[in-house]
>>> print(open('upload.cif').read())   # mmCIF, C-alpha atoms
data_my_file
loop_
_atom_site.label_atom_id
_atom_site.label_comp_id
_atom_site.auth_asym_id
_atom_site.auth_seq_id
_atom_site.Cartn_x
_atom_site.Cartn_y
_atom_site.Cartn_z
CA MET A 1 26.44 -21.29 -1.40
CA GLU A 2 24.48 -24.37 -2.45
CA ALA A 3 22.46 -24.30 0.75
CA MET A 4 21.61 -20.62 0.27
CA THR A 5 20.25 -21.08 -3.25
CA LEU A 6 18.22 -24.06 -2.06
CA LEU A 7 16.86 -21.96 0.80
CA ALA A 8 16.01 -19.09 -1.57
CA TRP A 9 14.33 -21.53 -3.95
CA GLY A 10 12.28 -23.01 -1.12
CA PHE A 11 11.27 -19.56 0.11
CA ASP A 12 10.23 -18.45 -3.38
CA SER A 13 8.14 -21.58 -3.94
CA LEU A 14 6.45 -21.12 -0.58
CA LEU A 15 5.78 -17.46 -1.42
CA GLY A 16 4.31 -18.33 -4.83
CA LEU A 17 2.08 -21.04 -3.39
CA ALA A 18 0.96 -18.77 -0.54
CA LEU A 19 0.03 -16.07 -3.08
CA LEU A 20 -2.07 -18.48 -5.15
CA TRP A 21 -3.74 -19.85 -2.02
CA LEU A 22 -4.50 -16.37 -0.64
CA ALA A 23 -5.87 -15.23 -4.01
CA TRP A 24 -8.21 -18.22 -4.10
CA LEU A 25 -9.30 -17.68 -0.48
CA ALA A 26 -9.96 -13.97 -1.09
CA LEU A 27 -12.06 -14.77 -4.16
CA SER A 28 -14.00 -17.70 -2.73
CA CYS A 29 -14.61 -16.19 0.70
CA GLU A 30 -18.30 -15.62 1.51
CA ASP A 31 -17.66 -13.05 4.23
CA LEU A 32 -16.75 -9.75 2.55
CA PHE A 33 -14.79 -8.41 5.51
CA ARG A 34 -12.66 -11.53 5.62
CA ALA A 35 -12.15 -11.31 1.85
CA ILE A 36 -10.82 -7.75 2.20
CA VAL A 37 -8.41 -8.77 4.97
CA LEU A 38 -7.20 -11.64 2.79
CA PHE A 39 -6.77 -9.23 -0.11
CA VAL A 40 -4.60 -6.96 2.05
CA VAL A 41 -2.48 -9.92 3.15
CA PHE A 42 -2.20 -10.92 -0.50
CA GLY A 43 -0.96 -7.40 -1.32
CA LEU A 44 1.69 -7.54 1.40
CA LEU A 45 2.99 -10.91 0.24
CA MET A 46 2.88 -9.62 -3.33
CA ALA A 47 5.13 -6.74 -2.25
CA LEU A 48 7.51 -9.35 -0.83
CA ALA A 49 7.41 -11.19 -4.17
CA TRP A 50 8.31 -7.96 -6.01
CA MET A 51 11.25 -7.56 -3.62
CA ARG A 52 12.39 -11.08 -4.47
CA LEU A 53 12.23 -10.08 -8.15
CA ASP A 54 14.53 -7.11 -7.40
CA ALA A 55 11.82 -4.55 -8.11
CA PRO A 56 11.76 -2.38 -4.96
CA ASP A 57 9.87 0.42 -6.74
CA VAL A 58 6.97 -1.86 -7.58
CA ALA A 59 7.16 -3.42 -4.11
CA LEU A 60 6.79 -0.01 -2.49
CA ALA A 61 3.86 0.89 -4.73
CA GLU A 62 2.21 -2.49 -4.11
CA ALA A 63 2.57 -2.20 -0.34
CA ALA A 64 1.40 1.42 -0.19
CA ILE A 65 -1.37 1.39 -2.81
CA GLY A 66 -2.22 -2.27 -3.40
CA ALA A 67 -2.27 -3.40 0.20
CA GLY A 68 -2.65 -0.19 2.19
CA LEU A 69 -4.91 2.26 0.42
CA THR A 70 -6.94 -0.19 -1.64
CA GLY A 71 -7.61 -2.11 1.57
CA ALA A 72 -8.77 1.10 3.27
CA LEU A 73 -10.94 1.99 0.24
CA LEU A 74 -12.50 -1.48 0.18
CA LEU A 75 -13.23 -1.35 3.93
CA ALA A 76 -14.75 2.12 3.56
CA GLY A 77 -16.83 0.80 0.65
CA LEU A 78 -17.97 -2.18 2.71
CA ALA A 79 -18.99 0.11 5.57
CA LYS A 80 -21.01 2.24 3.12
CA LEU A 81 -22.67 -0.79 1.56
CA GLY A 82 -24.26 -1.46 4.92
CA VAL A 83 -24.41 -5.19 4.24
CA ASP A 84 -25.37 -7.18 7.26
CA ASP A 85 -22.66 -9.75 7.85
CA THR A 86 -25.19 -12.36 8.86
CA GLY A 87 -27.47 -11.88 5.86
CA GLU A 88 -24.61 -12.50 3.49
CA LYS A 89 -24.87 -16.27 3.56
CA GLU A 90 -28.10 -16.79 1.64
CA ARG A 91 -27.59 -16.08 -2.03
CA PRO A 92 -30.56 -16.30 -4.33
CA GLU A 93 -28.73 -16.54 -7.67
CA ASN A 94 -28.31 -20.00 -9.14
CA ARG A 95 -25.00 -21.70 -9.68
CA SER A 96 -25.07 -21.48 -13.48
CA VAL A 97 -24.68 -17.70 -13.29
CA GLN A 98 -21.47 -18.24 -11.37
CA TRP A 99 -20.18 -20.85 -13.81
CA LEU A 100 -20.78 -18.72 -16.89
CA PRO A 101 -17.98 -16.19 -16.28
CA MET A 102 -15.65 -19.04 -15.38
CA VAL A 103 -16.30 -20.69 -18.75
CA ALA A 104 -15.78 -17.35 -20.47
CA LEU A 105 -12.56 -16.72 -18.57
CA LEU A 106 -11.09 -20.11 -19.38
CA PRO A 107 -9.99 -19.17 -22.95
CA VAL A 108 -8.47 -15.96 -21.56
CA ALA A 109 -6.48 -17.96 -19.00
CA VAL A 110 -5.36 -20.44 -21.67
CA GLY A 111 -4.38 -17.59 -23.99
CA LEU A 112 -2.44 -15.81 -21.26
CA GLY A 113 -0.68 -19.01 -20.26
CA TYR A 114 0.20 -19.73 -23.89
CA THR A 115 1.57 -16.20 -24.33
CA ILE A 116 3.69 -16.42 -21.19
CA PHE A 117 5.13 -19.79 -22.10
CA SER A 118 5.90 -18.69 -25.65
CA LEU A 119 7.88 -15.66 -24.45
CA PRO A 120 11.63 -15.86 -25.02
CA THR A 121 13.21 -17.03 -21.76
CA ASN A 122 16.05 -14.56 -21.87
CA ALA A 123 14.77 -11.31 -23.36
CA PRO A 124 17.02 -8.26 -23.01
CA GLY A 125 13.99 -5.92 -23.04
CA LEU A 126 14.66 -2.19 -23.09
CA ASN A 127 17.28 -2.39 -20.36
CA ALA A 128 20.18 -1.40 -22.59
CA ALA A 129 18.27 1.53 -24.14
CA VAL A 130 17.32 2.87 -20.70
CA THR A 131 20.86 2.56 -19.35
CA ALA A 132 22.30 4.27 -22.42
CA ASN A 133 19.97 7.27 -22.06
CA LEU A 134 19.94 7.46 -18.27
CA GLU A 135 22.55 10.22 -18.35
CA ALA A 136 20.25 12.54 -20.30
CA SER A 137 17.10 11.80 -18.27
CA GLY A 138 17.99 14.07 -15.36
CA VAL A 139 17.58 11.34 -12.71
CA SER A 140 19.70 8.33 -11.79
CA ASN A 141 16.88 5.94 -10.83
CA PRO A 142 16.01 4.09 -14.07
CA VAL A 143 12.38 3.53 -12.97
CA THR A 144 11.80 7.25 -12.42
CA ALA A 145 13.55 7.98 -15.72
CA VAL A 146 11.13 5.69 -17.56
CA LEU A 147 8.00 6.86 -15.72
CA LEU A 148 8.64 10.59 -15.85
CA ASN A 149 10.87 11.10 -18.86
CA PHE A 150 10.94 8.34 -21.48
CA ARG A 151 7.29 7.35 -20.97
CA GLY A 152 5.95 10.52 -19.37
CA TYR A 153 2.63 10.37 -21.19
CA ASP A 154 1.90 7.02 -19.54
CA THR A 155 2.09 8.64 -16.13
CA LEU A 156 0.01 11.58 -17.36
CA LEU A 157 -2.75 9.20 -18.42
CA GLU A 158 -2.56 7.37 -15.08
CA MET A 159 -3.10 10.65 -13.25
CA VAL A 160 -6.10 11.40 -15.43
CA VAL A 161 -7.53 7.92 -14.71
CA LEU A 162 -7.33 8.62 -10.97
CA LEU A 163 -9.07 11.97 -11.43
CA LEU A 164 -11.78 10.34 -13.56
CA ALA A 165 -12.35 7.72 -10.86
CA LEU A 166 -12.91 10.46 -8.30
CA LEU A 167 -15.23 12.35 -10.64
CA GLY A 168 -17.18 9.13 -11.12
CA VAL A 169 -17.57 8.66 -7.37
CA TRP A 170 -18.59 12.28 -6.91
CA SER A 171 -21.14 12.23 -9.70
CA LEU A 172 -22.70 9.07 -8.28
CA GLY A 173 -23.39 11.12 -5.20
CA GLY A 174 -21.64 8.84 -2.77
CA THR A 175 -22.55 8.46 0.84
CA ALA A 176 -20.75 9.98 3.75
CA LEU A 177 -18.27 8.01 5.74
CA ARG A 178 -20.00 6.64 8.82
CA ARG A 179 -18.50 7.49 12.14
CA GLU A 180 -19.09 4.80 14.69
CA ALA A 181 -17.70 6.62 17.70
CA ALA A 182 -15.60 9.61 18.58
CA ALA A 183 -11.87 8.99 18.42
CA GLY A 184 -10.48 8.07 21.81
CA PRO A 185 -7.35 9.57 23.32
CA VAL A 186 -5.16 6.76 21.98
CA LEU A 187 -6.16 7.21 18.34
CA ASP A 188 -6.02 10.96 18.78
CA THR A 189 -2.45 10.90 20.12
CA LEU A 190 -1.38 8.41 17.46
CA THR A 191 -2.78 10.64 14.73
CA ARG A 192 -1.11 13.75 16.14
CA LEU A 193 2.22 11.94 16.26
CA LEU A 194 1.93 10.19 12.91
CA ILE A 195 0.62 12.92 10.62
CA PRO A 196 3.80 15.07 10.66
CA VAL A 197 5.92 11.91 10.31
CA LEU A 198 3.83 10.73 7.35
CA ILE A 199 4.11 14.09 5.61
CA LEU A 200 7.88 13.94 6.13
CA VAL A 201 8.04 10.38 4.77
CA SER A 202 6.02 11.45 1.75
CA ALA A 203 8.40 14.33 1.02
CA TYR A 204 11.36 11.99 1.50
CA LEU A 205 9.94 9.41 -0.93
CA LEU A 206 9.32 12.17 -3.48
CA TRP A 207 12.87 13.49 -3.15
CA VAL A 208 14.60 10.11 -3.03
CA GLY A 209 12.77 8.97 -6.19
CA ALA A 210 15.36 10.72 -8.34
CA HIS A 211 18.14 8.30 -7.41
CA ALA A 212 16.61 5.41 -5.43
CA PRO A 213 13.28 3.52 -5.20
CA GLY A 214 10.49 5.99 -4.48
CA GLY A 215 8.62 8.59 -6.46
CA ALA A 216 5.32 10.34 -6.95
CA PHE A 217 2.95 7.38 -6.61
CA GLN A 218 4.55 6.07 -3.42
CA ALA A 219 4.81 9.57 -1.95
CA GLY A 220 1.24 10.36 -2.99
CA SER A 221 -0.14 7.23 -1.38
CA VAL A 222 1.66 8.00 1.90
CA LEU A 223 0.18 11.50 1.71
CA ALA A 224 -3.22 9.94 1.11
CA ALA A 225 -2.69 7.71 4.15
CA THR A 226 -2.24 10.91 6.16
CA GLY A 227 -5.60 12.09 4.89
CA VAL A 228 -7.24 8.73 5.60
CA LEU A 229 -5.91 8.76 9.15
CA GLY A 230 -7.28 12.27 9.61
CA LEU A 231 -10.66 11.33 8.16
CA LEU A 232 -10.85 8.29 10.43
CA THR A 233 -10.32 10.41 13.52
CA GLY A 234 -13.12 12.73 12.50
CA TRP A 235 -11.22 15.46 10.70
CA ARG A 236 -13.14 17.00 7.80
CA PRO A 237 -11.85 19.65 5.42
CA ARG A 238 -13.38 23.04 6.13
CA SER A 239 -15.92 24.22 3.58
CA THR A 240 -13.64 27.04 2.43
CA LEU A 241 -10.89 24.49 1.85
CA SER A 242 -13.05 21.96 0.06
CA ALA A 243 -14.30 24.37 -2.59
CA LEU A 244 -11.67 25.87 -4.86
CA PRO A 245 -8.45 24.85 -3.03
CA LEU A 246 -9.33 21.14 -3.10
CA ARG A 247 -10.13 21.27 -6.82
CA LEU A 248 -6.86 23.07 -7.49
CA VAL A 249 -4.87 20.44 -5.60
CA LEU A 250 -6.71 17.68 -7.44
CA ILE A 251 -5.80 19.01 -10.87
CA ILE A 252 -2.34 20.44 -10.15
CA GLY A 253 -0.63 17.14 -11.08
CA PRO A 254 -2.40 16.48 -14.39
CA ALA A 255 -2.30 20.20 -15.21
CA ALA A 256 1.46 20.38 -14.64
CA PHE A 257 1.86 17.36 -16.91
CA ILE A 258 -0.33 18.82 -19.66
CA ILE A 259 1.36 22.24 -19.51
CA MET A 260 4.78 20.57 -19.61
CA ALA A 261 3.70 18.42 -22.53
CA LEU A 262 2.45 21.46 -24.46
CA PHE A 263 5.59 23.47 -23.78
CA THR A 264 7.91 20.66 -24.80
CA LEU A 265 5.78 20.13 -27.90
CA LEU A 266 6.11 23.81 -28.83
CA ILE A 267 9.77 24.31 -27.90
CA GLU A 268 11.41 20.93 -28.45
CA GLY A 269 8.95 19.79 -31.08
CA GLN A 270 8.14 16.54 -29.29
CA LEU A 271 5.68 15.58 -26.56
CA MET A 272 7.34 15.31 -23.11
CA LYS A 273 10.85 15.73 -24.50
CA PHE A 274 12.74 17.55 -21.75
CA PRO A 275 15.89 19.56 -22.48
CA PRO A 276 18.62 17.35 -20.93
CA GLY A 277 20.11 20.07 -18.74
CA LYS A 278 16.83 20.96 -17.05
CA ALA A 279 15.22 17.52 -16.99
CA GLY A 280 16.04 16.90 -13.31
CA VAL A 281 14.30 20.06 -12.10
CA LEU A 282 11.33 19.60 -14.43
CA ILE A 283 10.85 16.01 -13.24
CA LEU A 284 10.94 17.14 -9.61
CA ILE A 285 8.28 19.80 -10.32
CA LEU A 286 6.09 17.27 -12.13
CA GLU A 287 6.50 14.74 -9.34
CA ALA A 288 5.70 17.27 -6.63
CA GLY A 289 2.47 18.20 -8.41
CA ALA A 290 1.65 14.56 -9.03
CA THR A 291 2.26 13.68 -5.36
CA LEU A 292 -0.16 16.37 -4.16
CA SER A 293 -2.83 15.35 -6.67
CA ILE A 294 -2.49 11.61 -6.04
CA GLY A 295 -2.61 12.15 -2.28
CA ALA A 296 -5.67 14.40 -2.46
CA THR A 297 -7.47 12.16 -4.99
CA LEU A 298 -6.98 8.96 -3.01
CA ALA A 299 -7.99 10.62 0.27
CA ALA A 300 -11.07 12.10 -1.42
CA LEU A 301 -11.92 8.65 -2.79
CA PHE A 302 -11.77 7.34 0.78
CA LEU A 303 -14.14 10.08 1.95
CA GLY A 304 -16.49 9.11 -0.90
CA GLU A 305 -18.96 11.93 -1.13
CA HIS A 306 -17.99 15.41 -2.23
CA PRO A 307 -16.92 17.28 0.92
CA GLN A 308 -19.25 20.14 0.09
CA ASN A 309 -22.36 17.97 -0.03
CA LYS A 310 -23.30 18.78 3.55
CA ALA A 311 -23.05 22.51 2.96
CA ARG A 312 -25.58 22.27 0.14
CA LYS A 313 -28.17 20.31 2.06
CA MET B 314 32.38 -14.91 10.11
CA THR B 315 33.31 -12.19 12.55
CA THR B 316 32.01 -11.61 16.07
CA ILE B 317 29.52 -9.08 14.69
CA ASP B 318 28.16 -11.67 12.26
CA TYR B 319 27.63 -14.17 15.08
CA LEU B 320 25.99 -11.52 17.24
CA SER B 321 23.61 -10.43 14.50
CA ALA B 322 22.79 -14.05 13.63
CA ALA B 323 21.96 -14.70 17.29
CA LEU B 324 19.75 -11.58 17.41
CA LEU B 325 17.96 -12.53 14.17
CA ILE B 326 17.28 -16.07 15.39
CA ALA B 327 16.02 -14.73 18.73
CA GLY B 328 13.77 -12.32 16.81
CA ALA B 329 12.42 -15.12 14.63
CA THR B 330 11.69 -17.17 17.77
CA PHE B 331 9.57 -14.34 19.12
CA PHE B 332 7.69 -14.12 15.81
CA LEU B 333 7.08 -17.86 15.92
CA ALA B 334 5.82 -17.64 19.50
CA GLY B 335 3.58 -14.71 18.61
CA THR B 336 2.11 -16.55 15.62
CA LEU B 337 1.55 -19.64 17.74
CA GLY B 338 -0.23 -17.49 20.32
CA LEU B 339 -2.37 -15.85 17.62
CA LEU B 340 -3.46 -19.26 16.38
CA ARG B 341 -3.87 -21.06 19.71
CA PHE B 342 -5.06 -18.52 22.29
CA PRO B 343 -8.76 -18.65 23.17
CA ASP B 344 -10.08 -15.09 22.67
CA VAL B 345 -9.30 -11.81 20.94
CA TYR B 346 -7.68 -10.19 23.99
CA THR B 347 -5.19 -12.95 24.70
CA ARG B 348 -4.40 -13.22 20.99
CA LEU B 349 -3.67 -9.49 20.86
CA HIS B 350 -1.44 -9.91 23.87
CA ALA B 351 0.55 -12.65 22.17
CA LEU B 352 0.75 -10.81 18.88
CA THR B 353 1.81 -7.35 20.04
CA LYS B 354 4.24 -8.42 22.74
CA ALA B 355 5.96 -10.91 20.49
CA ASP B 356 5.94 -8.71 17.39
CA ASN B 357 7.37 -5.72 19.21
CA LEU B 358 10.21 -7.71 20.72
CA GLY B 359 10.68 -9.90 17.66
CA LEU B 360 10.91 -6.93 15.34
CA GLY B 361 13.17 -5.11 17.82
CA LEU B 362 15.62 -8.02 17.87
CA THR B 363 15.44 -8.37 14.08
CA VAL B 364 16.10 -4.65 13.65
CA MET B 365 19.05 -4.85 16.04
CA GLY B 366 20.46 -7.82 14.16
CA LEU B 367 20.10 -6.01 10.84
CA ALA B 368 21.41 -2.70 12.19
CA LEU B 369 24.68 -4.46 13.11
CA GLN B 370 25.06 -5.29 9.42
CA ALA B 371 24.02 -1.84 8.17
CA GLU B 372 26.44 -0.04 5.87
CA SER B 373 26.03 3.36 7.48
CA TRP B 374 24.65 5.02 10.59
CA ALA B 375 21.88 6.49 8.47
CA ALA B 376 20.70 3.02 7.43
CA ALA B 377 20.79 1.83 11.05
CA GLY B 378 18.82 4.94 12.04
CA LYS B 379 16.16 4.18 9.42
CA LEU B 380 15.83 0.63 10.75
CA LEU B 381 15.43 1.98 14.29
CA LEU B 382 12.80 4.44 13.04
CA ILE B 383 10.85 1.59 11.43
CA TRP B 384 10.85 -0.28 14.74
CA LEU B 385 9.69 2.79 16.68
CA LEU B 386 6.86 3.43 14.20
CA VAL B 387 5.74 -0.20 14.37
CA LEU B 388 5.85 -0.06 18.19
CA LEU B 389 3.67 3.03 18.18
CA ALA B 390 1.22 1.74 15.57
CA GLY B 391 1.12 -1.82 16.97
CA ALA B 392 0.41 -0.73 20.54
CA SER B 393 -2.24 1.78 19.46
CA ILE B 394 -4.00 -0.62 17.11
CA ALA B 395 -3.99 -3.39 19.71
CA HIS B 396 -5.67 -0.95 22.09
CA LEU B 397 -8.22 0.07 19.43
CA ILE B 398 -9.07 -3.54 18.55
CA ALA B 399 -9.40 -4.48 22.21
CA SER B 400 -11.63 -1.51 23.06
CA GLY B 401 -13.69 -2.15 19.92
CA ALA B 402 -14.14 -5.76 20.97
CA LEU B 403 -15.17 -4.67 24.49
CA GLN B 404 -17.70 -2.23 23.04
CA ARG B 405 -19.23 -5.00 20.96
CA GLY B 406 -19.64 -7.04 24.10
CA ILE B 407 -17.10 -9.75 23.46
CA ARG B 408 -16.58 -11.37 26.84
CA LEU B 409 -13.19 -11.91 28.42
CA TRP B 410 -12.09 -15.52 28.36
CA LYS B 411 -12.15 -17.29 31.72
CA ARG B 412 -10.87 -20.71 32.46
#
>>> encode(input="upload.cif", output="structure tokens")
Amino acid sequence: MEAMTLLAWGFDSLLGLALLWLAWLALSCEDLFRAIVLFVVFGLLMALAWMRLDAPDVALAEAAIGAGLTGALLLAGLAKLGVDDTGEKERPENRSVQWLPMVALLPVAVGLGYTIFSLPTNAPGLNAAVTANLEASGVSNPVTAVLLNFRGYDTLLEMVVLLLALLGVWSLGGTALRREAAAGPVLDTLTRLLIPVLILVSAYLLWVGAHAPGGAFQAGSVLAATGVLGLLTGWRPRSTLSALPLRLVLIIGPAAFIIMALFTLLIEGQLMKFPPGKAGVLILILEAGATLSIGATLAALFLGEHPQNKARK
Amino acid sequence: MTTIDYLSAALLIAGATFFLAGTLGLLRFPDVYTRLHALTKADNLGLGLTVMGLALQAESWAAAGKLLLIWLLVLLAGASIAHLIASGALQRGIRLWKR
């Protein structure tokens, strides 16, 4: 087994170095498009690193949201910026402006490094507490138990952050997604084949989250990928759909969380404290709502402008 | 090691060889079209062999089926995206490489 541990050690070192190198390249790259591609590659390798750390839930989320959807959002943003690739080279600002944040960030980096190195090397964390209460949580995947039951309000706030981001984009006005050309037969066929599969995968991830890696955020981002694929091939939500129905889908996740929080507060006397017998069902309902909202919010972020903008003009 | 272990090791090594060849082609070939050729052909076969090697070690038929599904999805997406990149490059007037 000596050879295997050596091999694993070598692989991990290579992975860590590659991550640092990619992060530096993505930050120092002058060409924005290249920087985004590097960022996506960084996200994929980061997912691999999470797998090496035995955190498949985080790896899934990193691959789906960090690499996939954030990459798509950044590319859509770049397309809307309308920056000419060639005009990017000449930068008027002087070097001191670039050095200033670096000097300011140095103490932060030193502080973070100090904190990390002063952490106890073998901390038990909350592992034992989670395992002891897993029975009562209604699910058998400890990550889902923490996210939806023990620390449900954390997830509620995350959903609200996503919604706020979308409201921010909408209130800024946003610009429509440019369409360079009509989708050809290849993209069209691919989309027709993939969209049902993606919806199925999303439902599977939602369902499997109760006892294996998966859950609302992963399922929601796959659902959002379905929307992004549709938007890229020229699909736009109909005006009747984008009025009330879209708003309802956007708030169904946070609303379900808030209603659940209020009910548990009134009945059980504590925020997000589920009755043990019904916790499994309640978590599934919450996750289903969250999946729909996350998917719709991320896809709407990709579209940028409010889908009804055109109708008003 | 059983016969199955040897077989799956052989498949995995063959798959890795295809990935290596594909990467080499991506780095060394002269233009976008030939690079796409190297990348998609090698990735499809390389991933196919890797999936076969892993499926031999799978604990259940369901796990092997999921691996196969991953390969089919990558085949579909890889071929389509290679086509899209190539047609996009043609539209932008990138010339075909000639010796």
>>> resolve_selection(input="upload.cif", expression="the PyMOL selection byres ((chain B and resi 329-345) around 7)", output="ChimeraX atom specification")
/B:325-328,346-349,351-352,355-356,358-359,410
>>> write_last_selection(input="upload.cif", atoms="C-alpha atoms", output="PDB file, in the coordinates of the input")
ATOM      1  CA  LEU B 325      17.960 -12.530  14.170  1.00  0.00           C
ATOM      2  CA  ILE B 326      17.280 -16.070  15.390  1.00  0.00           C
ATOM      3  CA  ALA B 327      16.020 -14.730  18.730  1.00  0.00           C
ATOM      4  CA  GLY B 328      13.770 -12.320  16.810  1.00  0.00           C
ATOM      5  CA  TYR B 346      -7.680 -10.190  23.990  1.00  0.00           C
ATOM      6  CA  THR B 347      -5.190 -12.950  24.700  1.00  0.00           C
ATOM      7  CA  ARG B 348      -4.400 -13.220  20.990  1.00  0.00           C
ATOM      8  CA  LEU B 349      -3.670  -9.490  20.860  1.00  0.00           C
ATOM      9  CA  ALA B 351       0.550 -12.650  22.170  1.00  0.00           C
ATOM     10  CA  LEU B 352       0.750 -10.810  18.880  1.00  0.00           C
ATOM     11  CA  ALA B 355       5.960 -10.910  20.490  1.00  0.00           C
ATOM     12  CA  ASP B 356       5.940  -8.710  17.390  1.00  0.00           C
ATOM     13  CA  LEU B 358      10.210  -7.710  20.720  1.00  0.00           C
ATOM     14  CA  GLY B 359      10.680  -9.900  17.660  1.00  0.00           C
ATOM     15  CA  TRP B 410     -12.090 -15.520  28.360  1.00  0.00           C
TER      16      TRP B 410
END
>>> atom_distance(input="upload.cif", atom1="CA of Ala23 (chain A)", atom2="CA of Phe39 (chain A)")
7.2 Å
>>> resolve_selection(input="upload.cif", expression="the PyMOL selection byres ((chain B) within 8 of (chain A))", output="MDAnalysis selection string")
chainID B and resid 389:390 393 396:397
>>> resolve_selection(input="upload.cif", expression="the PyMOL selection byres ((chain B and resi 314-322) around 12)", output="MDAnalysis selection string")
chainID B and resid 323:329 362:371
>>> atom_distance(input="upload.cif", atom1="CA of Leu73 (chain A)", atom2="CA of Ile36 (chain A)")
9.9 Å
>>> residues_around(input="upload.cif", residues="Leu223 (chain A)", least_positions_apart="3", cutoff="8 Å", atoms="all atoms listed in the file", output="PyMOL selection string")
chain A and resi 198-199+202+219-220+226-227+291-292+295-296
>>> residues_around(input="upload.cif", residues="region 123-133 of chain A", least_positions_apart="4", cutoff="12 Å", atoms="all atoms listed in the file", output="JSON, numbers by chain")
{"A": [118, 119, 137, 138, 139, 140, 141, 142, 143, 144, 145, 146, 147, 149, 150, 151, 276]}
>>> atom_distance(input="upload.cif", atom1="CA of Leu38 (chain A)", atom2="CA of Arg192 (chain A)")
29.3 Å
>>> decode(input="upload.cif", residues="region 358-363 of chain B", atoms="all heavy atoms", output="PDB file, in the first residue's frame")
ATOM      1  N   LEU B 358     -13.407   8.074 -27.114  1.00  0.00           N
ATOM      2  CA  LEU B 358     -12.897   6.713 -26.945  1.00  0.00           C
ATOM      3  C   LEU B 358     -12.259   6.538 -25.570  1.00  0.00           C
ATOM      4  O   LEU B 358     -12.468   5.526 -24.908  1.00  0.00           O
ATOM      5  CB  LEU B 358     -11.869   6.429 -28.027  1.00  0.00           C
ATOM      6  CG  LEU B 358     -12.398   5.624 -29.217  1.00  0.00           C
ATOM      7  CD1 LEU B 358     -11.366   5.573 -30.311  1.00  0.00           C
ATOM      8  CD2 LEU B 358     -12.761   4.220 -28.768  1.00  0.00           C
ATOM      9  N   GLY B 359     -11.481   7.536 -25.155  1.00  0.00           N
ATOM     10  CA  GLY B 359     -10.799   7.435 -23.867  1.00  0.00           C
ATOM     11  C   GLY B 359     -11.792   7.307 -22.737  1.00  0.00           C
ATOM     12  O   GLY B 359     -11.651   6.438 -21.867  1.00  0.00           O
ATOM     13  N   LEU B 360     -12.837   8.134 -22.776  1.00  0.00           N
ATOM     14  CA  LEU B 360     -13.841   8.056 -21.711  1.00  0.00           C
ATOM     15  C   LEU B 360     -14.605   6.746 -21.809  1.00  0.00           C
ATOM     16  O   LEU B 360     -14.926   6.132 -20.788  1.00  0.00           O
ATOM     17  CB  LEU B 360     -14.800   9.253 -21.799  1.00  0.00           C
ATOM     18  CG  LEU B 360     -15.774   9.316 -20.639  1.00  0.00           C
ATOM     19  CD1 LEU B 360     -15.041   9.620 -19.356  1.00  0.00           C
ATOM     20  CD2 LEU B 360     -16.842  10.356 -20.877  1.00  0.00           C
ATOM     21  N   GLY B 361     -14.886   6.280 -23.041  1.00  0.00           N
ATOM     22  CA  GLY B 361     -15.586   5.014 -23.232  1.00  0.00           C
ATOM     23  C   GLY B 361     -14.823   3.864 -22.591  1.00  0.00           C
ATOM     24  O   GLY B 361     -15.395   3.060 -21.854  1.00  0.00           O
ATOM     25  N   LEU B 362     -13.503   3.824 -22.860  1.00  0.00           N
ATOM     26  CA  LEU B 362     -12.681   2.753 -22.287  1.00  0.00           C
ATOM     27  C   LEU B 362     -12.618   2.870 -20.771  1.00  0.00           C
ATOM     28  O   LEU B 362     -12.711   1.870 -20.050  1.00  0.00           O
ATOM     29  CB  LEU B 362     -11.276   2.802 -22.887  1.00  0.00           C
ATOM     30  CG  LEU B 362     -11.197   2.365 -24.357  1.00  0.00           C
ATOM     31  CD1 LEU B 362      -9.852   2.735 -24.951  1.00  0.00           C
ATOM     32  CD2 LEU B 362     -11.429   0.875 -24.474  1.00  0.00           C
ATOM     33  N   THR B 363     -12.481   4.117 -20.272  1.00  0.00           N
ATOM     34  CA  THR B 363     -12.441   4.330 -18.823  1.00  0.00           C
ATOM     35  C   THR B 363     -13.742   3.857 -18.179  1.00  0.00           C
ATOM     36  O   THR B 363     -13.730   3.169 -17.149  1.00  0.00           O
ATOM     37  CB  THR B 363     -12.217   5.820 -18.511  1.00  0.00           C
ATOM     38  OG1 THR B 363     -11.104   6.270 -19.267  1.00  0.00           O
ATOM     39  CG2 THR B 363     -11.955   6.042 -17.052  1.00  0.00           C
TER      40      THR B 363
END
